[in-house]
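Asker: Contents of upload08.tsv (TSV, C-alpha atoms and all ligand atoms) are given next:
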```tsv
chain	number	residue	atom	x	y	z
B	1	MET	CA	-6.65	16.22	-22.22
B	2	SER	CA	-9.52	18.61	-21.52
B	3	ASP	CA	-8.69	21.98	-19.87
B	4	GLY	CA	-5.26	20.51	-19.24
B	5	LYS	CA	-6.91	17.80	-17.12
B	6	LEU	CA	-6.42	14.10	-17.79
B	7	ARG	CA	-9.54	12.18	-18.79
B	8	VAL	CA	-10.12	9.32	-16.40
B	9	GLY	CA	-12.49	6.34	-16.19
B	10	GLN	CA	-12.98	4.35	-12.98
B	11	ALA	CA	-14.08	0.78	-12.37
B	12	GLY	CA	-15.25	-0.20	-8.88
B	13	LEU	CA	-17.46	2.21	-6.91
B	14	GLY	CA	-17.66	0.41	-3.59
B	15	TYR	CA	-16.36	1.34	-0.14
B	16	TRP	CA	-12.92	2.43	-1.34
B	17	GLY	CA	-13.82	3.41	-4.90
B	18	ARG	CA	-15.98	6.27	-3.65
B	19	ASN	CA	-12.93	7.88	-2.03
B	20	LEU	CA	-10.93	7.53	-5.23
B	21	ALA	CA	-13.81	8.95	-7.33
B	22	ARG	CA	-14.05	11.99	-5.03
B	23	ASN	CA	-10.35	12.73	-5.51
B	24	PHE	CA	-10.17	12.03	-9.25
B	25	ASP	CA	-13.27	14.17	-9.79
B	26	ASP	CA	-11.43	17.07	-8.12
B	27	LEU	CA	-8.07	16.50	-9.80
B	28	ALA	CA	-8.97	15.20	-13.27
B	29	ASP	CA	-11.83	15.01	-15.75
B	30	LEU	CA	-13.73	11.97	-14.41
B	31	ARG	CA	-15.54	10.88	-17.59
B	32	TRP	CA	-16.61	7.29	-16.95
B	33	LEU	CA	-17.84	5.40	-13.88
B	34	CYS	CA	-18.17	1.64	-14.10
B	35	ASP	CA	-19.54	-0.88	-11.61
B	36	ALA	CA	-21.02	-4.36	-11.86
B	37	SER	CA	-23.82	-3.38	-9.45
B	38	ALA	CA	-26.85	-1.48	-10.79
B	39	GLU	CA	-27.35	0.00	-7.33
B	40	GLN	CA	-23.87	1.54	-7.28
B	41	ARG	CA	-24.32	2.82	-10.83
B	42	ALA	CA	-27.59	4.55	-9.92
B	43	GLU	CA	-26.05	6.21	-6.87
B	44	PHE	CA	-23.00	7.45	-8.76
B	45	ALA	CA	-25.00	8.62	-11.80
B	46	GLU	CA	-26.79	10.96	-9.45
B	47	ARG	CA	-23.66	12.04	-7.66
B	48	TYR	CA	-21.57	12.72	-10.79
B	49	PRO	CA	-24.09	13.82	-13.46
B	50	GLU	CA	-21.35	14.82	-15.91
B	51	ALA	CA	-19.80	11.35	-16.00
B	52	ARG	CA	-21.07	8.49	-18.16
B	53	VAL	CA	-22.03	5.38	-16.20
B	54	THR	CA	-21.75	1.78	-17.36
B	55	GLY	CA	-21.57	-1.81	-16.15
B	56	ASP	CA	-19.23	-2.77	-18.98
B	57	PHE	CA	-15.54	-1.91	-18.52
B	58	ASP	CA	-14.89	-2.50	-22.24
B	59	GLU	CA	-17.06	0.51	-22.99
B	60	VAL	CA	-14.68	2.69	-20.95
B	61	LEU	CA	-11.66	1.20	-22.70
B	62	ALA	CA	-13.21	1.76	-26.13
B	63	ASP	CA	-13.38	5.53	-25.55
B	64	PRO	CA	-10.32	6.88	-27.38
B	65	GLU	CA	-10.42	10.08	-25.33
B	66	ILE	CA	-9.77	8.31	-22.01
B	67	ASP	CA	-6.13	8.74	-20.92
B	68	ALA	CA	-6.15	6.67	-17.73
B	69	VAL	CA	-8.24	4.22	-15.74
B	70	VAL	CA	-8.60	3.67	-12.02
B	71	ILE	CA	-9.38	0.14	-10.82
B	72	ALA	CA	-10.94	-0.34	-7.36
B	73	THR	CA	-12.75	-3.65	-7.85
B	74	PRO	CA	-12.21	-6.84	-5.75
B	75	VAL	CA	-8.62	-8.17	-5.74
B	76	PRO	CA	-9.12	-11.23	-8.05
B	77	THR	CA	-10.36	-8.90	-10.82
B	78	HIS	CA	-7.36	-6.51	-10.68
B	79	HIS	CA	-5.08	-8.46	-12.99
B	80	PRO	CA	-7.56	-9.10	-15.84
B	81	LEU	CA	-8.93	-5.55	-15.74
B	82	ALA	CA	-5.47	-3.94	-15.57
B	83	ARG	CA	-4.24	-6.12	-18.42
B	84	ALA	CA	-7.22	-5.18	-20.61
B	85	ALA	CA	-6.66	-1.49	-19.84
B	86	LEU	CA	-2.95	-1.63	-20.70
B	87	GLU	CA	-3.75	-3.52	-23.90
B	88	ALA	CA	-6.19	-0.73	-24.78
B	89	GLY	CA	-3.37	1.81	-24.35
B	90	LYS	CA	-4.59	3.37	-21.06
B	91	HIS	CA	-2.44	4.38	-18.10
B	92	VAL	CA	-3.53	2.40	-15.02
B	93	PHE	CA	-3.91	3.10	-11.33
B	94	VAL	CA	-4.87	-0.19	-9.70
B	95	GLU	CA	-5.68	-0.86	-6.07
B	96	LYS	CA	-3.35	-3.10	-4.11
B	97	PRO	CA	-2.32	-5.74	-4.88
B	98	PRO	CA	-2.51	-5.51	-8.70
B	99	ALA	CA	-2.16	-9.28	-9.01
B	100	MET	CA	-2.35	-12.35	-6.81
B	101	ARG	CA	0.68	-14.06	-8.35
B	102	ALA	CA	4.14	-12.72	-9.16
B	103	ALA	CA	3.91	-14.12	-12.71
B	104	GLU	CA	0.74	-12.09	-13.33
B	105	MET	CA	2.33	-8.93	-11.95
B	106	GLU	CA	5.41	-9.55	-14.13
B	107	GLU	CA	3.10	-9.76	-17.12
B	108	LEU	CA	1.51	-6.40	-16.26
B	109	VAL	CA	4.92	-4.76	-15.72
B	110	ALA	CA	6.18	-6.08	-19.09
B	111	LEU	CA	3.05	-4.83	-20.82
B	112	ALA	CA	3.30	-1.35	-19.27
B	113	GLU	CA	6.99	-1.15	-20.18
B	114	ALA	CA	6.42	-2.30	-23.77
B	115	ARG	CA	3.62	0.24	-24.27
B	116	GLY	CA	5.24	3.10	-22.36
B	117	LEU	CA	2.29	3.31	-19.97
B	118	VAL	CA	2.11	4.08	-16.26
B	119	LEU	CA	1.02	1.19	-14.02
B	120	MET	CA	0.78	2.39	-10.44
B	121	PRO	CA	-0.32	0.11	-7.60
B	122	GLY	CA	-2.37	1.77	-4.86
B	123	HIS	CA	0.07	1.39	-1.98
B	124	LEU	CA	-1.56	4.16	0.00
B	125	LEU	CA	0.81	4.16	2.97
B	126	LEU	CA	3.76	5.12	0.78
B	127	TYR	CA	2.08	8.51	0.29
B	128	HIS	CA	1.47	9.01	4.01
B	129	PRO	CA	3.56	12.02	5.14
B	130	ALA	CA	4.61	10.01	8.23
B	131	VAL	CA	6.04	7.22	6.06
B	132	GLN	CA	7.88	9.82	4.00
B	133	LYS	CA	9.36	11.14	7.27
B	134	LEU	CA	10.40	7.60	8.31
B	135	LYS	CA	12.07	7.16	4.92
B	136	GLU	CA	13.91	10.46	5.40
B	137	LEU	CA	15.08	9.40	8.89
B	138	VAL	CA	16.37	6.09	7.50
B	139	ASP	CA	17.99	7.48	4.35
B	140	ASP	CA	19.64	10.42	6.17
B	141	GLY	CA	21.23	7.97	8.60
B	142	GLU	CA	19.46	9.62	11.58
B	143	LEU	CA	18.69	6.19	13.12
B	144	GLY	CA	22.07	4.67	12.22
B	145	GLU	CA	22.15	1.26	10.56
B	146	VAL	CA	18.61	-0.19	10.49
B	147	LEU	CA	18.52	-3.55	12.28
B	148	VAL	CA	14.87	-4.45	12.73
B	149	VAL	CA	11.53	-3.22	11.36
B	150	TYR	CA	8.26	-4.62	12.66
B	151	GLY	CA	4.62	-3.89	12.05
B	152	ASN	CA	1.51	-4.36	14.17
B	153	ARG	CA	-1.74	-4.26	12.23
B	154	GLN	CA	-4.38	-5.68	14.52
B	155	ASN	CA	-8.03	-5.05	15.35
B	156	LEU	CA	-11.28	-6.89	15.99
B	157	GLY	CA	-12.83	-7.04	12.45
B	158	LYS	CA	-13.37	-6.44	9.52
B	159	ILE	CA	-13.57	-10.22	9.01
B	160	ARG	CA	-12.95	-11.00	5.34
B	161	LYS	CA	-13.88	-14.14	3.42
B	162	ASP	CA	-11.92	-13.88	0.18
B	163	GLU	CA	-8.57	-12.44	1.35
B	164	ASN	CA	-6.65	-13.60	4.42
B	165	ALA	CA	-4.98	-11.26	6.92
B	166	LEU	CA	-1.67	-11.48	5.03
B	167	TRP	CA	-3.10	-10.25	1.73
B	168	SER	CA	-5.62	-7.84	3.18
B	169	LEU	CA	-3.57	-6.25	5.98
B	170	GLY	CA	0.02	-7.33	5.32
B	171	VAL	CA	0.19	-5.74	1.89
B	172	HIS	CA	0.28	-2.30	3.59
B	173	ASP	CA	3.15	-3.06	5.99
B	174	LEU	CA	5.08	-5.02	3.38
B	175	SER	CA	5.01	-2.11	0.96
B	176	VAL	CA	6.50	0.16	3.64
B	177	ILE	CA	9.04	-2.36	4.97
B	178	LEU	CA	10.39	-3.02	1.45
B	179	TYR	CA	10.40	0.73	0.69
B	180	LEU	CA	12.43	1.47	3.84
B	181	ILE	CA	14.87	-1.44	3.55
B	182	GLN	CA	15.34	-1.62	-0.26
B	183	GLU	CA	17.00	-5.02	-0.16
B	184	GLU	CA	16.36	-8.46	-1.51
B	185	ILE	CA	14.55	-10.91	0.77
B	186	ALA	CA	16.82	-13.82	1.79
B	187	GLU	CA	14.28	-15.71	3.92
B	188	ALA	CA	10.53	-15.49	4.37
B	189	ALA	CA	8.45	-17.42	6.87
B	190	ALA	CA	4.82	-17.09	7.88
B	191	HIS	CA	2.62	-18.89	10.39
B	192	GLY	CA	-1.08	-18.39	10.90
B	193	ARG	CA	-4.45	-20.00	11.43
B	194	ALA	CA	-7.89	-19.78	9.91
B	195	PHE	CA	-10.27	-19.85	12.88
B	196	LEU	CA	-13.46	-18.38	11.42
B	197	ASN	CA	-13.64	-19.14	7.70
B	198	GLU	CA	-12.02	-22.23	6.23
B	199	GLY	CA	-8.83	-21.44	4.32
B	200	VAL	CA	-8.82	-17.73	5.26
B	201	GLU	CA	-6.19	-17.04	7.91
B	202	ASP	CA	-7.43	-14.51	10.47
B	203	VAL	CA	-4.10	-14.25	12.33
B	204	VAL	CA	-0.71	-14.30	10.60
B	205	PHE	CA	2.82	-13.77	11.94
B	206	CYS	CA	5.49	-13.12	9.29
B	207	TYR	CA	9.27	-13.08	9.48
B	208	LEU	CA	11.59	-11.69	6.81
B	209	ARG	CA	15.39	-11.67	6.67
B	210	PHE	CA	17.14	-9.45	4.14
B	211	ALA	CA	20.41	-9.86	2.29
B	212	SER	CA	22.42	-7.71	4.76
B	213	GLY	CA	20.96	-9.48	7.81
B	214	LYS	CA	18.29	-6.90	8.70
B	215	ILE	CA	15.10	-8.57	9.88
B	216	ALA	CA	11.42	-7.65	9.79
B	217	HIS	CA	8.26	-8.98	11.39
B	218	MET	CA	4.53	-8.41	10.93
B	219	HIS	CA	1.68	-9.31	13.27
B	220	LEU	CA	-1.51	-9.22	11.18
B	221	SER	CA	-4.88	-9.99	12.69
B	222	TRP	CA	-8.56	-9.14	12.77
B	223	LEU	CA	-8.96	-11.24	15.94
B	224	ASP	CA	-7.37	-8.94	18.46
B	225	PRO	CA	-8.50	-6.69	21.33
B	226	HIS	CA	-6.07	-3.93	20.33
B	227	LYS	CA	-6.55	-1.63	17.40
B	228	MET	CA	-2.97	-1.13	16.30
B	229	ARG	CA	-1.54	0.49	13.18
B	230	ARG	CA	2.09	0.75	14.15
B	231	LEU	CA	5.48	0.35	12.54
B	232	THR	CA	8.68	0.34	14.61
B	233	VAL	CA	12.16	0.88	13.17
B	234	VAL	CA	15.09	-0.08	15.39
B	235	GLY	CA	18.35	1.50	14.32
B	236	ARG	CA	21.80	1.11	15.84
B	237	ASP	CA	21.73	4.74	17.07
B	238	LYS	CA	18.05	5.64	17.47
B	239	MET	CA	14.61	4.08	17.18
B	240	ALA	CA	11.47	5.44	15.53
B	241	VAL	CA	7.79	4.53	15.74
B	242	PHE	CA	5.04	5.45	13.30
B	243	ASP	CA	1.70	5.14	15.09
B	244	ASP	CA	-1.21	5.85	12.78
B	245	MET	CA	-3.69	5.70	15.69
B	246	GLU	CA	-2.10	8.83	17.16
B	247	LEU	CA	-3.68	12.08	16.05
B	248	GLU	CA	-0.76	14.39	16.81
B	249	ARG	CA	2.38	12.33	17.41
B	250	LYS	CA	2.36	10.17	14.30
B	251	ILE	CA	6.13	9.69	14.54
B	252	THR	CA	8.20	9.47	17.70
B	253	VAL	CA	11.97	9.24	17.54
B	254	TYR	CA	13.64	7.72	20.62
B	255	ASP	CA	17.25	8.59	21.25
B	256	LYS	CA	17.80	5.13	22.74
B	257	ALA	CA	20.41	2.56	21.84
B	258	PRO	CA	22.85	0.04	23.19
B	259	GLU	CA	26.44	1.26	23.38
B	260	GLN	CA	29.89	0.15	24.44
B	261	PRO	CA	31.46	3.06	26.29
B	262	ALA	CA	35.25	3.43	26.11
B	263	GLY	CA	36.86	1.46	28.93
B	264	SER	CA	33.85	-0.87	29.36
B	265	TYR	CA	35.84	-3.85	28.07
B	266	GLY	CA	33.19	-4.80	25.50
B	267	GLU	CA	30.25	-4.67	27.94
B	268	TRP	CA	27.00	-3.43	26.41
B	269	ARG	CA	25.09	-0.70	28.19
B	270	THR	CA	21.94	1.10	27.18
B	271	ARG	CA	21.57	4.81	26.58
B	272	THR	CA	18.23	6.58	26.98
B	273	GLY	CA	18.08	10.14	25.73
B	274	ASP	CA	15.33	12.46	24.54
B	275	GLU	CA	12.19	11.63	22.60
B	276	PHE	CA	10.91	13.93	19.92
B	277	SER	CA	8.03	14.03	17.47
B	278	PRO	CA	8.72	15.76	14.19
B	279	THR	CA	5.91	17.80	12.67
B	280	ILE	CA	4.03	15.76	10.08
B	281	SER	CA	1.79	17.34	7.46
B	282	ASN	CA	-1.85	16.32	7.83
B	283	ALA	CA	-2.41	16.21	4.05
B	284	GLU	CA	-4.72	13.32	3.03
B	285	PRO	CA	-2.51	10.40	1.88
B	286	LEU	CA	-5.11	9.36	-0.71
B	287	ARG	CA	-5.11	12.86	-2.21
B	288	LEU	CA	-1.29	12.77	-2.43
B	289	GLU	CA	-1.44	9.30	-4.01
B	290	CYS	CA	-3.95	10.39	-6.69
B	291	GLU	CA	-1.90	13.54	-7.44
B	292	HIS	CA	1.22	11.39	-7.74
B	293	PHE	CA	-0.42	9.09	-10.30
B	294	LEU	CA	-1.62	12.01	-12.45
B	295	ARG	CA	1.84	13.60	-12.27
B	296	LEU	CA	3.49	10.37	-13.47
B	297	VAL	CA	1.10	10.22	-16.44
B	298	GLN	CA	1.69	13.87	-17.34
B	299	GLU	CA	5.41	14.08	-16.70
B	300	GLY	CA	6.64	10.57	-17.50
B	301	TRP	CA	8.26	8.10	-15.14
B	302	ASP	CA	10.97	5.50	-14.66
B	303	GLY	CA	8.68	2.65	-13.55
B	304	ARG	CA	9.83	2.60	-9.90
B	305	GLU	CA	6.31	2.34	-8.45
B	306	MET	CA	5.38	-0.72	-10.51
B	307	ARG	CA	8.71	-2.47	-9.83
B	308	ASP	CA	8.20	-1.83	-6.10
B	309	GLY	CA	4.67	-3.23	-6.52
B	310	LEU	CA	6.13	-6.35	-8.14
B	311	GLU	CA	8.44	-6.85	-5.12
B	312	VAL	CA	5.41	-6.64	-2.81
B	313	VAL	CA	3.55	-9.33	-4.80
B	314	ARG	CA	6.70	-11.51	-4.85
B	315	ALA	CA	7.01	-11.17	-1.07
B	316	LEU	CA	3.31	-11.98	-0.59
B	317	GLU	CA	3.77	-15.07	-2.73
B	318	LEU	CA	6.84	-16.22	-0.74
B	319	LEU	CA	5.02	-15.70	2.55
B	320	THR	CA	1.93	-17.52	1.25
B	321	GLU	CA	4.06	-20.53	0.23
B	322	SER	CA	5.49	-20.63	3.76
B	323	LEU	CA	2.05	-20.19	5.36
B	324	ARG	CA	0.55	-23.05	3.35
B	325	GLY	CA	3.72	-25.20	3.36
E	401	LIG	N1	-5.70	1.52	-0.10
E	401	LIG	C1	-6.55	1.23	0.88
E	401	LIG	O1	-6.35	1.63	2.02
E	401	LIG	C2	-7.76	0.41	0.59
E	401	LIG	C3	-8.81	0.35	1.51
E	401	LIG	C4	-9.91	-0.45	1.21
E	401	LIG	C5	-9.97	-1.15	0.02
E	401	LIG	N2	-8.90	-1.08	-0.85
E	401	LIG	C6	-8.92	-1.85	-2.11
E	401	LIG	O2	-9.94	-1.36	-2.95
E	401	LIG	C7	-10.51	-2.42	-3.70
E	401	LIG	C8	-12.01	-2.42	-3.52
E	401	LIG	O3	-12.31	-2.65	-2.16
E	401	LIG	P1	-13.70	-2.20	-1.52
E	401	LIG	O4	-13.56	-2.37	-0.06
E	401	LIG	O5	-14.10	-0.86	-2.08
E	401	LIG	O6	-14.69	-3.34	-2.10
E	401	LIG	P2	-16.24	-3.22	-2.38
E	401	LIG	O7	-16.73	-4.62	-2.46
E	401	LIG	O8	-16.89	-2.27	-1.43
E	401	LIG	O9	-16.33	-2.56	-3.84
E	401	LIG	C9	-15.96	-3.22	-5.03
E	401	LIG	C10	-16.91	-2.76	-6.15
E	401	LIG	O10	-16.44	-3.30	-7.38
E	401	LIG	C11	-17.58	-3.71	-8.13
E	401	LIG	N3	-17.15	-4.71	-9.13
E	401	LIG	C12	-16.84	-6.01	-8.92
E	401	LIG	N4	-16.39	-6.58	-10.07
E	401	LIG	C13	-16.43	-5.60	-11.01
E	401	LIG	C14	-16.08	-5.56	-12.38
E	401	LIG	N5	-15.59	-6.64	-13.00
E	401	LIG	N6	-16.26	-4.40	-13.06
E	401	LIG	C15	-16.75	-3.31	-12.44
E	401	LIG	N7	-17.09	-3.28	-11.12
E	401	LIG	C16	-16.92	-4.41	-10.43
E	401	LIG	C17	-18.58	-4.22	-7.11
E	401	LIG	O11	-19.91	-4.18	-7.61
E	401	LIG	C18	-18.37	-3.22	-5.95
E	401	LIG	O12	-19.23	-2.11	-6.03
E	401	LIG	C19	-9.83	-3.71	-3.20
E	401	LIG	O13	-8.78	-4.00	-4.07
E	401	LIG	C20	-9.25	-3.32	-1.87
E	401	LIG	O14	-8.07	-4.06	-1.59
E	401	LIG	C21	-7.84	-0.30	-0.60
```
Would you mind writing the file's structure down as structure tokens?
Ligand SMILES: NC(=O)c1ccc[n+]([C@@H]2O[C@H](COP(=O)([O-])OP(=O)(O)OC[C@H]3O[C@@H](n4cnc5c(N)ncnc54)[C@H](O)[C@@H]3O)[C@@H](O)[C@H]2O)c1
Answerer:
Amino acid sequence: MSDGKLRVGQAGLGYWGRNLARNFDDLADLRWLCDASAEQRAEFAERYPEARVTGDFDEVLADPEIDAVVIATPVPTHHPLARAALEAGKHVFVEKPPAMRAAEMEELVALAEARGLVLMPGHLLLYHPAVQKLKELVDDGELGEVLVVYGNRQNLGKIRKDENALWSLGVHDLSVILYLIQEEIAEAAAHGRAFLNEGVEDVVFCYLRFASGKIAHMHLSWLDPHKMRRLTVVGRDKMAVFDDMELERKITVYDKAPEQPAGSYGEWRTRTGDEFSPTISNAEPLRLECEHFLRLVQEGWDGREMRDGLEVVRALELLTESLRG
């Protein structure tokens, strides 16, 4: 480490990589920048004159002073690049999803475990203060038993060609749903259609049933008039909504539920009480995510983040089998 800061190299300097580079430059010693495009390399060489710039990831891995690498390249490259980095003894932060098959993710997890290295998937939403609040509401029993969780992630665009709506959009909601529910998936079903590019589903509806009977749903689409980034948690006692399109009221808790009042002879009635919006920190989730990764490298970890990442890839695989089946 230099000045107590971890020495980091980053591969992938595109749309998302520039946000990661900005944060890792602030929080760590960003020594290497790597991109396959000469144009990106030229831009970043100017922007970060103290970093070394290359088109060859192996050059980054060959530097014995590098503690950790950040991978923000296209999804199909995540697994080979992460594997090479772990084999070179580097801690790895890799954008979501780290692999496109569960077997590949299992291989990465085994490698990180065997070498005692951190492998953290970039599930950004898990570092969103609003998701942390949802988790607190669920774990503290504030909502009562959780029955249903559903996500809406819809918009018109960005129309992708190499990832369908499940892999591109669903990975976010899945990471949160699995984090909140913490149970094994008993049933997974997905339906969708590719309308614009052959083989790339633009609209996908997913259903999950968990071991205890809780259910979840995701509506994922870039063919929609509504821009929605919303997750709803229905508990037996209260209900909560995380709406990322809201500037102020990111979370709303509804004191609403069905109930069977004494003397009602088993009849269900509904109760509607107050609504409230807890204060949510406006800290940048990406900043919190980068800080979390560096803390795991410096302080050691129990592997939870990569095991959770493996569950996300397993769920994506199950849903893909159903979608294509
Ligand atoms: N967490 C989030 O909210 C979020 C948001 C957007 C993108 N992402 C993820 O970030 C990753 C990158 O997405 P993007 O939108 O920035 O894509 P992008 O196409 O804008 O950038 C990818 C960059 O990687 C470079 N590249 C490709 N192969 C390479 C290789 N082998 N070695 C070095 N560089 C290589 C390309 O030249 C390009 O500059 C994806 O995994 C995506 O899923 C995450």
Asker: Between B:Val313, B:Leu169, B:Leu156, B:Ala42, which residue has the minimum interatomic distance to Glu104 of chain B, considering all atoms listed in the file?
Answerer: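 Of B:Val313, B:Leu169, B:Leu156, B:Ala42, the one nearest Glu104 of chain B is B:Val313, counting all atoms listed in the file.
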Asker: Please report as a tab-separated table every residue of chain B lying within 7 Å of ligand LIG 401 (chain E), along with the nearest atom pair and their distance in Å (one decimal), using all atoms listed in the file.
Answerer:
```
residue	atom	partner	partner_atom	distance
B:Ala11	CA	E:LIG401	C15	4.9
B:Gly12	CA	E:LIG401	O10	3.6
B:Leu13	CA	E:LIG401	O12	4.8
B:Gly14	CA	E:LIG401	O9	3.3
B:Tyr15	CA	E:LIG401	O5	3.7
B:Trp16	CA	E:LIG401	O5	3.6
B:Gly17	CA	E:LIG401	O5	5.1
B:Cys34	CA	E:LIG401	C15	5.4
B:Asp35	CA	E:LIG401	N7	3.5
B:Ala36	CA	E:LIG401	N7	4.1
B:Ser37	CA	E:LIG401	O11	4.4
B:Gln40	CA	E:LIG401	O12	6.0
B:Gly55	CA	E:LIG401	C15	6.3
B:Asp56	CA	E:LIG401	N6	6.8
B:Phe57	CA	E:LIG401	N6	6.0
B:Ala72	CA	E:LIG401	C7	4.2
B:Thr73	CA	E:LIG401	O10	3.7
B:Pro74	CA	E:LIG401	C19	4.7
B:Val75	CA	E:LIG401	O13	4.5
B:Thr77	CA	E:LIG401	N5	6.1
B:Glu95	CA	E:LIG401	O13	4.8
B:Lys96	CA	E:LIG401	O14	5.4
B:Pro97	CA	E:LIG401	O13	6.7
B:Gly122	CA	E:LIG401	N1	5.8
B:His123	CA	E:LIG401	N1	6.1
B:Leu124	CA	E:LIG401	N1	4.9
B:Ser168	CA	E:LIG401	O14	6.6
```
Asker: Go through B:Ala28, B:Val60, B:Leu166, B:Leu143 and flag the residue nearest Thr252 of chain B, using only C-alpha atoms for the distances.
Answerer: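 Smallest separation from Thr252 of chain B among the options: B:Leu143.
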Asker: Work out how far apart atom CA of Ala186 of chain B and atom CA of Leu208 of chain B are and give it in Å to one decimal.
Answerer: 7.6 Å
Asker: Taking all listed atoms of segment 25-41 of chain B, build the axis-aligned box, pad each of the six sides by 6 Å, then write its centre and edge lengths in Å to one decimal as lines of an AutoDock Vina configuration file.
Answerer:
```
center_x = -17.7
center_y = 6.4
center_z = -12.4
size_x = 31.3
size_y = 33.4
size_z = 22.3
```
Asker: To one decimal place, how far is atom CA of Ser281 of chain B from atom CA of His128 of chain B in Å?
Answerer: 9.0 Å
Asker: In Å to one decimal, how far is atom CA of Leu108 of chain B from atom CA of Ala21 of chain B?
Answerer: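 Here the two named atoms are 23.5 Å from each other.
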Asker: Between B:Ile251, B:Cys290, B:Val171, B:Leu111, which residue has the minimum interatomic distance to Asn19 of chain B, considering all atoms listed in the file?
Answerer: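 Smallest distance to Asn19 of chain B is found for B:Cys290.
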Asker: If we count all atoms listed in the file and set the cut-off at 12 Å, which residues sit around Gly273 of chain B, ignoring sequence neighbours fewer than 3 positions away in its own chain? Please answer as a VMD selection string.
Answerer: chain B and resid 237 to 239 253 to 258 270 276
Asker: Write out as a PyMOL selection string each polymer residue whose atoms come within 12 Å of Asp139 of chain B, counting only C-alpha atoms; drop sequence neighbours fewer than 3 positions from it.
Answerer: chain B and resi 132-136+142-146+179-182+235
Asker: In the coordinate frame of the file, compute which residues have an atom within 12 Å of (-1.8, -2.7, 17.4) when using all atoms listed in the file, and state them as a PyMOL selection string.
Answerer: chain B and resi 150-156+218-232+242-246
Asker: Calculated over all atoms listed in the file, which of the candidates B:Pro278, B:Asp67, B:Leu288, B:Glu163 has the smallest distance to Leu137 of chain B?
Answerer: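 When distances to Leu137 of chain B are compared using all atoms listed in the file, the smallest one comes from B:Pro278.
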Asker: With a distance cut-off of 12 Å and all atoms listed in the file, select the neighbouring residues of segment 4-6 of chain B, excluding the residue or stretch itself and same-chain residues fewer than 4 positions from it, and output the selection as a list in words.
Answerer: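 Everything that qualifies: Phe24, Asp25, Asp26, Leu27, Ala28, Asp29, Leu30, Arg31, Glu65, Ile66, Asp67, Ala68, Val69, Lys90, His91, Cys290, Glu291, Phe293, Leu294, Arg295, Leu296, Val297, Gln298 and Glu299 of chain B.
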Asker: Could you name the residues that touch Ala315 of chain B at 8 Å or less, counting all atoms listed in the file, but leaving out those on the same chain fewer than 6 positions away, as a list in words?
Answerer: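 The neighbour list is Leu174, Ile185 and Ala188 of chain B.
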Asker: Would you pick out the contacts of Leu247 of chain B at 12 Å or less, using only C-alpha atoms, so that residues sharing its chain but fewer than 5 positions from it are not included, and give the list as an mmCIF file with C-alpha atoms, in the frame of the given file?
Answerer:
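Written output follows (result36.cif):
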```cif
data_model
loop_
_atom_site.group_PDB
_atom_site.id
_atom_site.type_symbol
_atom_site.label_atom_id
_atom_site.label_comp_id
_atom_site.auth_asym_id
_atom_site.auth_seq_id
_atom_site.Cartn_x
_atom_site.Cartn_y
_atom_site.Cartn_z
ATOM 1 C CA ALA B 130 4.610 10.010 8.230
ATOM 2 C CA PHE B 242 5.040 5.450 13.300
ATOM 3 C CA SER B 277 8.030 14.030 17.470
ATOM 4 C CA THR B 279 5.910 17.800 12.670
ATOM 5 C CA ILE B 280 4.030 15.760 10.080
ATOM 6 C CA SER B 281 1.790 17.340 7.460
ATOM 7 C CA ASN B 282 -1.850 16.320 7.830
#
```
Asker: Would you please work out which residue, of B:Leu81, B:Leu86, B:Val203, B:Leu61, is nearest to Ala114 of chain B when using only C-alpha atoms?
Answerer: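 Closest residue, counting only C-alpha atoms: B:Leu86.
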